[in-house]
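J.: My questions will all concern the structure given below.
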Amino acid sequence: MSLDIAGRPAPRLSGSDGWRRALTTAVHCALALLGIAIVVQALIVVEARPQDLITGIHGMADIIWRAMPPDFSKLPAAAWPTLQTLDIALFGTMVGIVIAVPLALLAAANMTPSRYAYYAARAIIGFTRAVPDLVWALLFVTAVGLGPFPGGLALGVHSVGMLGRLFAETIEQMDMAPIHALELTGAQILVTRAELELLQMRAQLQVARNHLEDVLHTPLSGPELALAKSVAVVPAGGS
Amino acid sequence: MLRVRGLSLRYPNGKVALSDFELTVAAGELVVVLGGNGSGKTTLLRCITRTLKPSAGEIWLADTDLCPLEGERLRRARLPLAMISQHASLVRRSTVLTNVAMGALGRHFTLHTALGGLPSAELAAARGHLAEVGLADLAEQRAGTLSGGQAQRVAIARSLAQQPRVLLADEPVASLDPEAAEDIMRLLQRLARSERIAVLCVLHQVELAYAYADRVIGIRDGRIAFDLPRSQVSREAVHRLYIHEAA
């Protein structure tokens, strides 16, 4: 008789328990094999040859070597497009915030005045994010012509998708207890069931705290800058 | 000041939370409600504030029945009705003074208040309310730094800013140590007397009820088990409120 760690007779597995355990093990193995197969096919499709990184390292070193010392004579010519790129990112972010904040209020389950407004706002946020920034840039170029302006607009509308969702999720995570406590004092209803003062308080207290840094950092270091560069492809300004 | 007549609440699933409830709280009176978990104490308060809509009955706040009112009329009629709960629910990042003054927002709705401002007269009054609850020196401190007892005092000061005639308190000392709990009860008793506020307070601490209540109402299964002056409430009657809970 087998004993468990406490010296008691170990419970015997019934036939069905044994089969279940074997089946579970088989499923786990199959899933592991499937995962490995997916990774292997990815390596084949991208023609991954890690050894080439070693053998070809002198090529990378050569490029870096030839880039030294930097040619600063090109700097004045690059200054204006660089500034334009940064400003497109800044302008795009501002446009994004202006559109995203009201949309986020409608798209937050705890703030929205109606279910229809909630789904509509979520749909708009999803759509603006799903449409690539380059497509938005093409659309705006046809509307307002070439230059940095359509680039900024494209960035702004595309940012609505990211910022709107970010804001909406933050609003949904807010502690509602102070809001409910103030609602009981008779604070007044404005456009929606939320009061403007409550709204202001919420924004001031939590949204701003959680995401102000994100928003402010975005134009200079985040995806907005990458987008600002990419819209330059359309020619919608920037470098 | 507060009169409840034939108040009943039946949930959509058929469960009866309150049945034919009657109570009166006069100005200056502190009435404590005792009862086991799920007996209907908090439901009673939520019905009085109209957070829950009663199935039947009347809730008279002075000369106004809150039950048939909705929307803006309900909001206006409810202004003299303040409520504090177990958690102070303060805006932690704002100062104590701002939190207290926010209690007056129901009386003000201007562009200034909509943009987050508070009337200077209300800020001055808020200092007075803070002095009343003994926290005048903490006016500029952030609410998030307060102890539980201090936060509850601020919540009471915020309710005073509302200029209430009736104050509902839902287990206001549940999360406080015994000394802080006594402080809060003493404060509620003093405010009831000095400000002539009708205070209806739900408690689990029987000894506090015996010490501070003018009258005690026992609730069991959504019905009034007794409604007596403190001196006439027997230990046995209180014990019976909790019997089914212990079983």
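We name chains A, B, ... following the order of the structure tokens; residues begin at 1 in each chain, and ligands are numbered from 1 as shown.
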Please identify all residues of chain B having at least one atom at most 9 Å from any atom of chain A, considering only C-alpha atoms, and return them as a PyMOL selection string.
T.: chain B and resi 49+51+72+75-76+78-85+87-94+102-109+113-117+158-159+162
J.: Got a sec: who's within 9 Å of region 115-122 of chain A, counting only C-alpha atoms, leaving out chain neighbours fewer than 2 positions off, as a ChimeraX atom specification?
T.: /A:103-109,112-113,124-127,164-165
J.: State, in Å with one decimal place, the distance from CA of Asp214 (chain B) to CA of Leu188 (chain B).
T.: 11.8 Å
J.: Pick out the residues sitting within 12 Å of region 142-144 of chain B, and hand them over as a ChimeraX atom specification; count only C-alpha atoms, and ignore anything fewer than 2 positions along from it in its own chain.
T.: /A:178 /B:88-100,135,138-140,146-155
J.: Filtering to N, CA and C atoms, could you give me those residues as a compact mmCIF listing (two decimals), in the first residue's frame?
T.:
# COMPACT_ATOMS: atom_id res chain seq x y z
N PRO A 178 -16.78 59.69 -3.46
CA PRO A 178 -16.95 61.13 -3.23
C PRO A 178 -18.00 61.75 -4.14
N ALA B 88 -15.99 58.16 4.92
CA ALA B 88 -16.22 59.60 4.83
C ALA B 88 -16.39 60.06 3.38
N SER B 89 -15.83 59.30 2.43
CA SER B 89 -15.95 59.62 1.00
C SER B 89 -15.54 61.06 0.70
N LEU B 90 -14.37 61.42 1.18
CA LEU B 90 -13.86 62.76 0.90
C LEU B 90 -13.07 62.75 -0.40
N VAL B 91 -12.91 63.92 -0.96
CA VAL B 91 -12.03 64.04 -2.13
C VAL B 91 -10.62 64.16 -1.58
N ARG B 92 -9.87 63.08 -1.68
CA ARG B 92 -8.63 62.97 -0.93
C ARG B 92 -7.58 63.99 -1.32
N ARG B 93 -7.61 64.41 -2.59
CA ARG B 93 -6.56 65.33 -3.06
C ARG B 93 -6.91 66.79 -2.80
N SER B 94 -8.13 67.05 -2.35
CA SER B 94 -8.50 68.42 -2.04
C SER B 94 -8.24 68.70 -0.56
N THR B 95 -8.23 69.99 -0.22
CA THR B 95 -8.02 70.33 1.18
C THR B 95 -9.28 70.02 1.98
N VAL B 96 -9.09 69.97 3.28
CA VAL B 96 -10.22 69.74 4.17
C VAL B 96 -11.26 70.83 3.99
N LEU B 97 -10.79 72.08 3.88
CA LEU B 97 -11.71 73.21 3.74
C LEU B 97 -12.55 73.09 2.47
N THR B 98 -11.89 72.74 1.36
CA THR B 98 -12.61 72.58 0.09
C THR B 98 -13.66 71.48 0.21
N ASN B 99 -13.27 70.37 0.85
CA ASN B 99 -14.22 69.27 1.01
C ASN B 99 -15.47 69.73 1.77
N VAL B 100 -15.23 70.50 2.82
CA VAL B 100 -16.38 70.96 3.61
C VAL B 100 -17.25 71.91 2.79
N LEU B 135 -11.93 70.81 14.10
CA LEU B 135 -10.81 70.59 13.18
C LEU B 135 -10.39 71.88 12.47
N LEU B 138 -6.99 72.13 10.82
CA LEU B 138 -6.62 71.24 9.71
C LEU B 138 -7.20 71.72 8.38
N ALA B 139 -7.71 72.94 8.35
CA ALA B 139 -8.45 73.42 7.17
C ALA B 139 -7.65 73.30 5.88
N GLU B 140 -6.37 73.59 5.93
CA GLU B 140 -5.59 73.61 4.69
C GLU B 140 -4.89 72.28 4.41
N LEU B 146 -5.85 62.53 6.54
CA LEU B 146 -6.55 62.49 7.83
C LEU B 146 -6.71 61.08 8.36
N SER B 147 -6.86 60.95 9.67
CA SER B 147 -7.19 59.66 10.26
C SER B 147 -8.68 59.39 10.02
N GLY B 148 -9.09 58.15 10.32
CA GLY B 148 -10.49 57.79 10.09
C GLY B 148 -11.46 58.68 10.87
N GLY B 149 -11.12 58.93 12.13
CA GLY B 149 -11.99 59.76 12.97
C GLY B 149 -12.05 61.19 12.47
N GLN B 150 -10.89 61.72 12.07
CA GLN B 150 -10.86 63.09 11.54
C GLN B 150 -11.66 63.18 10.25
N ALA B 151 -11.48 62.17 9.38
CA ALA B 151 -12.20 62.19 8.10
C ALA B 151 -13.71 62.17 8.34
N GLN B 152 -14.13 61.39 9.32
CA GLN B 152 -15.56 61.33 9.60
C GLN B 152 -16.06 62.68 10.13
N ARG B 153 -15.23 63.35 10.90
CA ARG B 153 -15.60 64.68 11.39
C ARG B 153 -15.74 65.66 10.22
N VAL B 154 -14.82 65.53 9.27
CA VAL B 154 -14.90 66.41 8.08
C VAL B 154 -16.18 66.11 7.31
N ALA B 155 -16.52 64.82 7.21
CA ALA B 155 -17.76 64.47 6.51
C ALA B 155 -18.97 65.09 7.21
J.: Hey, can you check how far CA of Gly128 (chain B) sits from CA of Leu200 (chain B)?
T.: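 These two atoms are separated by 23.4 Å.
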J.: Mind pulling up the distance from CA of Cys47 (chain B) to CA of Leu176 (chain B)?
T.: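 CA of Leu176 (chain B) sits 25.6 Å away from CA of Cys47 (chain B).
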J.: My list of candidates is A:Leu153, A:Leu163, A:Ala30, A:Leu134. Which is closest to Gly92 (chain A) when distances are computed with only C-alpha atoms?
T.: A:Leu153
J.: I need the residue nearest Ser8 (chain B) from this list: B:Thr145, B:Ser55, B:Thr64, B:Thr24. Use only C-alpha atoms for the distance.
T.: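 Closest residue, counting only C-alpha atoms: B:Ser55.
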J.: If you run DSSP over the backbone, which residues in region 23-230 of chain B end up strand (DSSP E or B)? Put them as a PyMOL selection string.
T.: chain B and resi 23-25+30-35+56-61+64-65+81-84+95+142+166-170+198-202+215-220+223-229
J.: Since we have the selection now, will you write its residues out, keeping N, CA and C atoms, as a compact mmCIF listing (two decimals), in the first residue's frame?
T.:
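Ended up saving to result35.txt:
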# COMPACT_ATOMS: atom_id res chain seq x y z
N LEU B 23 -41.86 55.88 11.17
CA LEU B 23 -40.99 56.49 12.18
C LEU B 23 -41.09 58.00 12.11
N THR B 24 -40.75 58.62 13.22
CA THR B 24 -40.70 60.08 13.28
C THR B 24 -39.44 60.48 14.04
N VAL B 25 -38.74 61.46 13.51
CA VAL B 25 -37.58 62.01 14.21
C VAL B 25 -37.82 63.52 14.33
N LEU B 30 -31.94 62.62 18.59
CA LEU B 30 -31.01 61.64 18.02
C LEU B 30 -31.64 60.26 18.18
N VAL B 31 -32.02 59.68 17.06
CA VAL B 31 -32.67 58.37 17.07
C VAL B 31 -31.71 57.36 16.46
N VAL B 32 -31.50 56.27 17.19
CA VAL B 32 -30.60 55.23 16.71
C VAL B 32 -31.41 54.04 16.22
N VAL B 33 -31.01 53.50 15.07
CA VAL B 33 -31.65 52.32 14.51
C VAL B 33 -30.71 51.13 14.71
N LEU B 34 -31.21 50.09 15.37
CA LEU B 34 -30.43 48.87 15.57
C LEU B 34 -31.07 47.73 14.80
N GLY B 35 -30.28 46.76 14.42
CA GLY B 35 -30.81 45.59 13.73
C GLY B 35 -29.68 44.77 13.16
N ALA B 56 -44.09 51.78 -1.76
CA ALA B 56 -45.26 52.48 -1.23
C ALA B 56 -44.84 53.29 -0.01
N GLY B 57 -45.67 54.25 0.36
CA GLY B 57 -45.41 55.01 1.58
C GLY B 57 -45.14 56.48 1.34
N GLU B 58 -44.90 57.16 2.42
CA GLU B 58 -44.63 58.60 2.37
C GLU B 58 -43.38 58.91 3.18
N ILE B 59 -42.60 59.86 2.68
CA ILE B 59 -41.41 60.32 3.42
C ILE B 59 -41.55 61.84 3.53
N TRP B 60 -41.93 62.32 4.69
CA TRP B 60 -42.16 63.75 4.87
C TRP B 60 -40.94 64.40 5.48
N LEU B 61 -40.41 65.35 4.72
CA LEU B 61 -39.30 66.16 5.21
C LEU B 61 -39.90 67.54 5.47
N THR B 64 -42.86 68.49 3.12
CA THR B 64 -42.78 67.98 1.74
C THR B 64 -42.67 66.46 1.74
N ASP B 65 -43.51 65.83 0.96
CA ASP B 65 -43.42 64.38 0.79
C ASP B 65 -42.46 64.11 -0.37
N LEU B 81 -31.67 67.55 3.57
CA LEU B 81 -31.44 66.19 4.04
C LEU B 81 -29.99 65.81 3.77
N ALA B 82 -29.20 65.66 4.82
CA ALA B 82 -27.78 65.32 4.64
C ALA B 82 -27.56 63.87 5.05
N MET B 83 -26.48 63.32 4.52
CA MET B 83 -26.19 61.92 4.88
C MET B 83 -24.69 61.73 5.03
N ILE B 84 -24.34 60.99 6.06
CA ILE B 84 -22.95 60.54 6.19
C ILE B 84 -22.97 59.01 6.28
N THR B 95 -8.23 69.99 -0.22
CA THR B 95 -8.02 70.33 1.18
C THR B 95 -9.28 70.02 1.98
N ARG B 142 -4.50 68.33 3.30
CA ARG B 142 -5.16 67.47 2.32
C ARG B 142 -6.02 66.43 3.03
N VAL B 166 -32.26 67.55 8.62
CA VAL B 166 -32.24 66.14 8.98
C VAL B 166 -30.89 65.58 8.57
N LEU B 167 -30.29 64.82 9.47
CA LEU B 167 -29.00 64.18 9.16
C LEU B 167 -29.16 62.67 9.32
N LEU B 168 -28.88 61.96 8.24
CA LEU B 168 -28.91 60.50 8.28
C LEU B 168 -27.47 60.02 8.41
N ALA B 169 -27.25 59.07 9.29
CA ALA B 169 -25.89 58.55 9.49
C ALA B 169 -25.94 57.03 9.40
N ASP B 170 -25.26 56.49 8.37
CA ASP B 170 -25.28 55.05 8.16
C ASP B 170 -23.99 54.44 8.71
N ALA B 198 -32.53 66.94 13.22
CA ALA B 198 -33.07 65.61 13.50
C ALA B 198 -32.05 64.59 12.99
N VAL B 199 -31.51 63.77 13.89
CA VAL B 199 -30.47 62.82 13.48
C VAL B 199 -31.01 61.40 13.57
N LEU B 200 -30.91 60.70 12.45
CA LEU B 200 -31.30 59.28 12.41
C LEU B 200 -30.05 58.49 12.11
N CYS B 201 -29.63 57.67 13.07
CA CYS B 201 -28.30 57.06 12.98
C CYS B 201 -28.40 55.54 13.07
N VAL B 202 -27.92 54.86 12.06
CA VAL B 202 -27.87 53.39 12.07
C VAL B 202 -26.58 52.96 12.77
N ARG B 215 -33.89 57.99 21.42
CA ARG B 215 -34.85 56.92 21.15
C ARG B 215 -34.15 55.85 20.34
N VAL B 216 -34.59 54.61 20.52
CA VAL B 216 -33.98 53.51 19.78
C VAL B 216 -35.08 52.77 19.01
N ILE B 217 -34.78 52.55 17.73
CA ILE B 217 -35.71 51.77 16.90
C ILE B 217 -35.02 50.45 16.55
N GLY B 218 -35.70 49.35 16.84
CA GLY B 218 -35.16 48.03 16.48
C GLY B 218 -35.82 47.55 15.21
N ILE B 219 -35.01 47.07 14.27
CA ILE B 219 -35.55 46.54 13.00
C ILE B 219 -35.22 45.07 12.90
N ARG B 220 -36.20 44.32 12.46
CA ARG B 220 -35.95 42.91 12.17
C ARG B 220 -36.75 42.54 10.93
N ARG B 223 -39.08 45.10 9.33
CA ARG B 223 -40.21 45.61 10.12
C ARG B 223 -39.70 46.19 11.42
N ILE B 224 -40.47 47.11 11.99
CA ILE B 224 -40.08 47.68 13.28
C ILE B 224 -40.40 46.68 14.39
N ALA B 225 -39.35 46.33 15.13
CA ALA B 225 -39.55 45.43 16.27
C ALA B 225 -39.92 46.23 17.52
N PHE B 226 -39.30 47.39 17.68
CA PHE B 226 -39.69 48.28 18.76
C PHE B 226 -39.23 49.70 18.42
N ASP B 227 -39.87 50.67 19.01
CA ASP B 227 -39.52 52.08 18.84
C ASP B 227 -39.77 52.73 20.20
N LEU B 228 -38.72 52.83 21.00
CA LEU B 228 -38.88 53.21 22.41
C LEU B 228 -37.83 54.24 22.83
N PRO B 229 -38.16 55.02 23.87
CA PRO B 229 -37.12 55.86 24.46
C PRO B 229 -35.99 54.97 24.98
